[in-house]
Amino acid sequence: MTDTPVRPTEGSQITVLVVVGDHPVTHVARAGRVTPSTLIVTRKPDERRWGVEPQGEADVLFVHQGRLYRWPMRVEEVLPTSYYLVSLQDPRDGERREFVRATADLEVRMTPQRQPRGAFQVLSVELSASGMRVATDLVAVAGDQLEVTLRMDHRPEGRANTITALAHVVRELHPPSGRELALEFVELKSADEDRLLQMVFRLREAQLFARIGRRSFA
């Protein structure tokens with residue numbers, strides 16, 4: 001007996017990836033009515049300026065029981081208050097490596113497990129929910145494990161909002177700009193993983209609109 005593919009639940013948060021004028025953009029929304037082959041995604045009237053066209057492909061990302069799923073769909077109709085999407089394939093586990101990384105200037109603290117008293121402060125070069133690439137003078141080889149703390153932003157009361165994860169070194173890189181390490185997260189809370197994923201989408205969107213001279217979606 002084949003397991004029934006999971007679907008987002010009505011009212012749950014989803015992320016929709018669409019292409020507008022050859023540019024990928026993201027839309028974080030709430031799922032409306034869900035059937036095995038269709039999905040209603042809510043939209044506001046002022047989102048008409050986005051220019052989403054019918055028949056365009058869309059990837060719907062959602063989390064179910066701590067796992068990320070990707071549902072390939074098509075925009076069947078653009079309605080005044082919603083998008084009507086039709087399934088192209090059943091939802092499947094969404095590997096973070098499938099998604100574009102974003103450049104982010106975040107404070108990152110790396111502490112080698114073999115040298116717990118030695119910490120290195122860096123700025124992340126590329127970030128995703130599966131790992132990151134950093135420019136650093138830290139001497140490490142493939143397989144070394146590091147405790148990584150990312151300083152996401154600042155809350156109004158001044159307290160830092162951080163994420164801590166365990167990562168291992170995948171490989172050492174030597175681009176023209178200097179030495180870098182490619183890291184993969186091996187221990188990361190599912191809630192923090194989702195926060196990172198959403199931030200990557202937002203960063204990618206902001207960078208895209210900065211290049212084409214348009215405001216990011218709300």
# chains A, B, ... in the order shown; residues from 1 in each chain; ligands from 1
>>> residues_around(residues="A:Arg43", least_positions_apart="4", cutoff="10 Å", atoms="only C-alpha atoms", output="PyMOL selection string")
chain A and resi 27-30+47-48+78-83
>>> write_last_selection(atoms="N, CA and C atoms", output="CSV table (one decimal), in the first residue's frame")
chain,number,residue,atom,x,y,z
A,27,HIS,N,6.8,34.4,-2.1
A,27,HIS,CA,5.5,34.9,-1.5
A,27,HIS,C,5.2,34.0,-0.3
A,28,VAL,N,5.3,34.6,1.0
A,28,VAL,CA,5.0,33.9,2.2
A,28,VAL,C,3.5,34.2,2.5
A,29,ALA,N,2.7,33.1,2.6
A,29,ALA,CA,1.3,33.3,2.8
A,29,ALA,C,0.7,32.2,3.6
A,30,ARG,N,-0.7,32.2,3.7
A,30,ARG,CA,-1.4,31.1,4.4
A,30,ARG,C,-2.1,30.3,3.3
A,47,GLU,N,-1.4,43.2,-4.3
A,47,GLU,CA,-0.4,42.4,-4.9
A,47,GLU,C,-0.6,42.2,-6.4
A,48,ARG,N,-1.5,42.9,-7.0
A,48,ARG,CA,-1.7,42.9,-8.4
A,48,ARG,C,-0.4,43.4,-9.1
A,78,VAL,N,-5.4,33.6,-11.5
A,78,VAL,CA,-5.0,34.7,-10.6
A,78,VAL,C,-6.3,35.4,-10.3
A,79,LEU,N,-6.8,35.2,-9.1
A,79,LEU,CA,-8.1,35.7,-8.6
A,79,LEU,C,-7.9,37.0,-7.8
A,80,PRO,N,-9.0,37.8,-7.6
A,80,PRO,CA,-8.8,39.0,-6.9
A,80,PRO,C,-8.2,38.9,-5.5
A,81,THR,N,-8.5,37.8,-4.8
A,81,THR,CA,-8.0,37.6,-3.4
A,81,THR,C,-7.2,36.4,-3.2
A,82,SER,N,-6.9,35.7,-4.3
A,82,SER,CA,-6.2,34.4,-4.2
A,82,SER,C,-5.5,34.0,-5.5
A,83,TYR,N,-4.6,33.0,-5.4
A,83,TYR,CA,-4.1,32.3,-6.5
A,83,TYR,C,-4.6,30.9,-6.5
>>> closest_residue(among="A:Leu17, A:Ala58, A:Leu39, A:Ala129", to="A:Leu197", atoms="only C-alpha atoms")
A:Ala129
>>> residues_around(residues="stretch 52-54 of chain A", least_positions_apart="6", cutoff="7 Å", atoms="only C-alpha atoms", output="number ranges by chain")
A: 20, 75-78
>>> closest_residue(among="A:Ala165, A:Val148, A:Leu173, A:Ala140", to="A:Arg114", atoms="only C-alpha atoms")
A:Ala140
>>> residues_around(residues="A:Gly32", least_positions_apart="5", cutoff="10 Å", atoms="only C-alpha atoms", output="ChimeraX atom specification")
/A:8-13,39-42,82-84
>>> write_last_selection(atoms="C-alpha atoms", output="short mmCIF file (atom, residue, chain, number, x, y, z; two decimals), in the first residue's frame")
data_model
loop_
_atom_site.label_atom_id
_atom_site.label_comp_id
_atom_site.auth_asym_id
_atom_site.auth_seq_id
_atom_site.Cartn_x
_atom_site.Cartn_y
_atom_site.Cartn_z
CA PRO A 8 -0.15 21.60 3.73
CA THR A 9 -3.07 22.10 6.09
CA GLU A 10 -5.55 24.92 5.60
CA GLY A 11 -4.36 28.04 7.39
CA SER A 12 -0.74 26.86 7.67
CA GLN A 13 2.15 29.07 6.55
CA LEU A 39 -4.37 24.72 -3.57
CA ILE A 40 -5.77 28.18 -2.93
CA VAL A 41 -3.15 30.72 -1.82
CA THR A 42 -4.39 33.96 -0.28
CA SER A 82 -6.15 34.42 -4.17
CA TYR A 83 -4.06 32.30 -6.50
CA TYR A 84 -5.53 29.01 -7.69
#
>>> atom_distance(atom1="atom CA of A:Asp59", atom2="atom CA of A:Thr15")
8.1 Å
>>> closest_residue(among="A:Ala142, A:Ile163, A:Leu127, A:Ala191", to="A:Gln65", atoms="only C-alpha atoms")
A:Ala191
>>> atom_distance(atom1="atom CA of A:Val134", atom2="atom CA of A:Gln113")
17.6 Å
>>> residues_around(residues="A:Ala167", least_positions_apart="6", cutoff="10 Å", atoms="only C-alpha atoms", output="NGL selection string")
:A and (110 or 112 or 130-132 or 143-148 or 182-188)
>>> write_last_selection(atoms="N, CA and C atoms", output="PDB file, in the first residue's frame")
ATOM      1  N   MET A 110      32.467  30.865  15.266  1.00  0.00           N
ATOM      2  CA  MET A 110      32.765  29.455  15.061  1.00  0.00           C
ATOM      3  C   MET A 110      33.726  28.972  16.135  1.00  0.00           C
ATOM      4  N   PRO A 112      35.774  25.549  17.231  1.00  0.00           N
ATOM      5  CA  PRO A 112      36.130  24.150  16.944  1.00  0.00           C
ATOM      6  C   PRO A 112      35.917  23.275  18.173  1.00  0.00           C
ATOM      7  N   SER A 130      20.899  24.654   4.865  1.00  0.00           N
ATOM      8  CA  SER A 130      21.679  23.421   5.002  1.00  0.00           C
ATOM      9  C   SER A 130      23.118  23.681   5.403  1.00  0.00           C
ATOM     10  N   GLY A 131      23.587  24.925   5.241  1.00  0.00           N
ATOM     11  CA  GLY A 131      24.969  25.215   5.574  1.00  0.00           C
ATOM     12  C   GLY A 131      25.363  26.598   5.112  1.00  0.00           C
ATOM     13  N   MET A 132      26.655  26.845   5.057  1.00  0.00           N
ATOM     14  CA  MET A 132      27.135  28.151   4.633  1.00  0.00           C
ATOM     15  C   MET A 132      28.589  28.055   4.197  1.00  0.00           C
ATOM     16  N   GLY A 143      35.653  17.301   7.720  1.00  0.00           N
ATOM     17  CA  GLY A 143      35.261  16.415   8.805  1.00  0.00           C
ATOM     18  C   GLY A 143      35.333  17.054  10.171  1.00  0.00           C
ATOM     19  N   ASP A 144      36.107  18.139  10.320  1.00  0.00           N
ATOM     20  CA  ASP A 144      36.170  18.832  11.606  1.00  0.00           C
ATOM     21  C   ASP A 144      34.784  19.383  11.965  1.00  0.00           C
ATOM     22  N   GLN A 145      34.437  19.306  13.243  1.00  0.00           N
ATOM     23  CA  GLN A 145      33.146  19.808  13.691  1.00  0.00           C
ATOM     24  C   GLN A 145      33.318  21.136  14.430  1.00  0.00           C
ATOM     25  N   LEU A 146      32.374  22.047  14.178  1.00  0.00           N
ATOM     26  CA  LEU A 146      32.414  23.374  14.764  1.00  0.00           C
ATOM     27  C   LEU A 146      31.053  23.699  15.367  1.00  0.00           C
ATOM     28  N   GLU A 147      31.064  24.411  16.479  1.00  0.00           N
ATOM     29  CA  GLU A 147      29.826  25.000  16.970  1.00  0.00           C
ATOM     30  C   GLU A 147      29.710  26.377  16.334  1.00  0.00           C
ATOM     31  N   VAL A 148      28.586  26.616  15.661  1.00  0.00           N
ATOM     32  CA  VAL A 148      28.396  27.855  14.910  1.00  0.00           C
ATOM     33  C   VAL A 148      27.244  28.642  15.521  1.00  0.00           C
ATOM     34  N   ALA A 182      33.648  25.623   3.454  1.00  0.00           N
ATOM     35  CA  ALA A 182      32.259  25.237   3.188  1.00  0.00           C
ATOM     36  C   ALA A 182      31.793  24.365   4.350  1.00  0.00           C
ATOM     37  N   LEU A 183      30.719  24.781   5.009  1.00  0.00           N
ATOM     38  CA  LEU A 183      30.215  24.093   6.184  1.00  0.00           C
ATOM     39  C   LEU A 183      28.818  23.540   5.912  1.00  0.00           C
ATOM     40  N   GLU A 184      28.523  22.398   6.529  1.00  0.00           N
ATOM     41  CA  GLU A 184      27.190  21.803   6.455  1.00  0.00           C
ATOM     42  C   GLU A 184      26.669  21.607   7.875  1.00  0.00           C
ATOM     43  N   PHE A 185      25.438  22.050   8.122  1.00  0.00           N
ATOM     44  CA  PHE A 185      24.849  21.872   9.438  1.00  0.00           C
ATOM     45  C   PHE A 185      24.505  20.400   9.656  1.00  0.00           C
ATOM     46  N   VAL A 186      24.872  19.871  10.816  1.00  0.00           N
ATOM     47  CA  VAL A 186      24.560  18.479  11.133  1.00  0.00           C
ATOM     48  C   VAL A 186      23.595  18.381  12.314  1.00  0.00           C
ATOM     49  N   GLU A 187      23.520  19.436  13.122  1.00  0.00           N
ATOM     50  CA  GLU A 187      22.549  19.508  14.213  1.00  0.00           C
ATOM     51  C   GLU A 187      21.984  20.912  14.240  1.00  0.00           C
ATOM     52  N   LEU A 188      20.669  21.013  13.954  1.00  0.00           N
ATOM     53  CA  LEU A 188      20.001  22.306  13.892  1.00  0.00           C
ATOM     54  C   LEU A 188      18.529  22.088  14.206  1.00  0.00           C
TER      55      LEU A 188
END
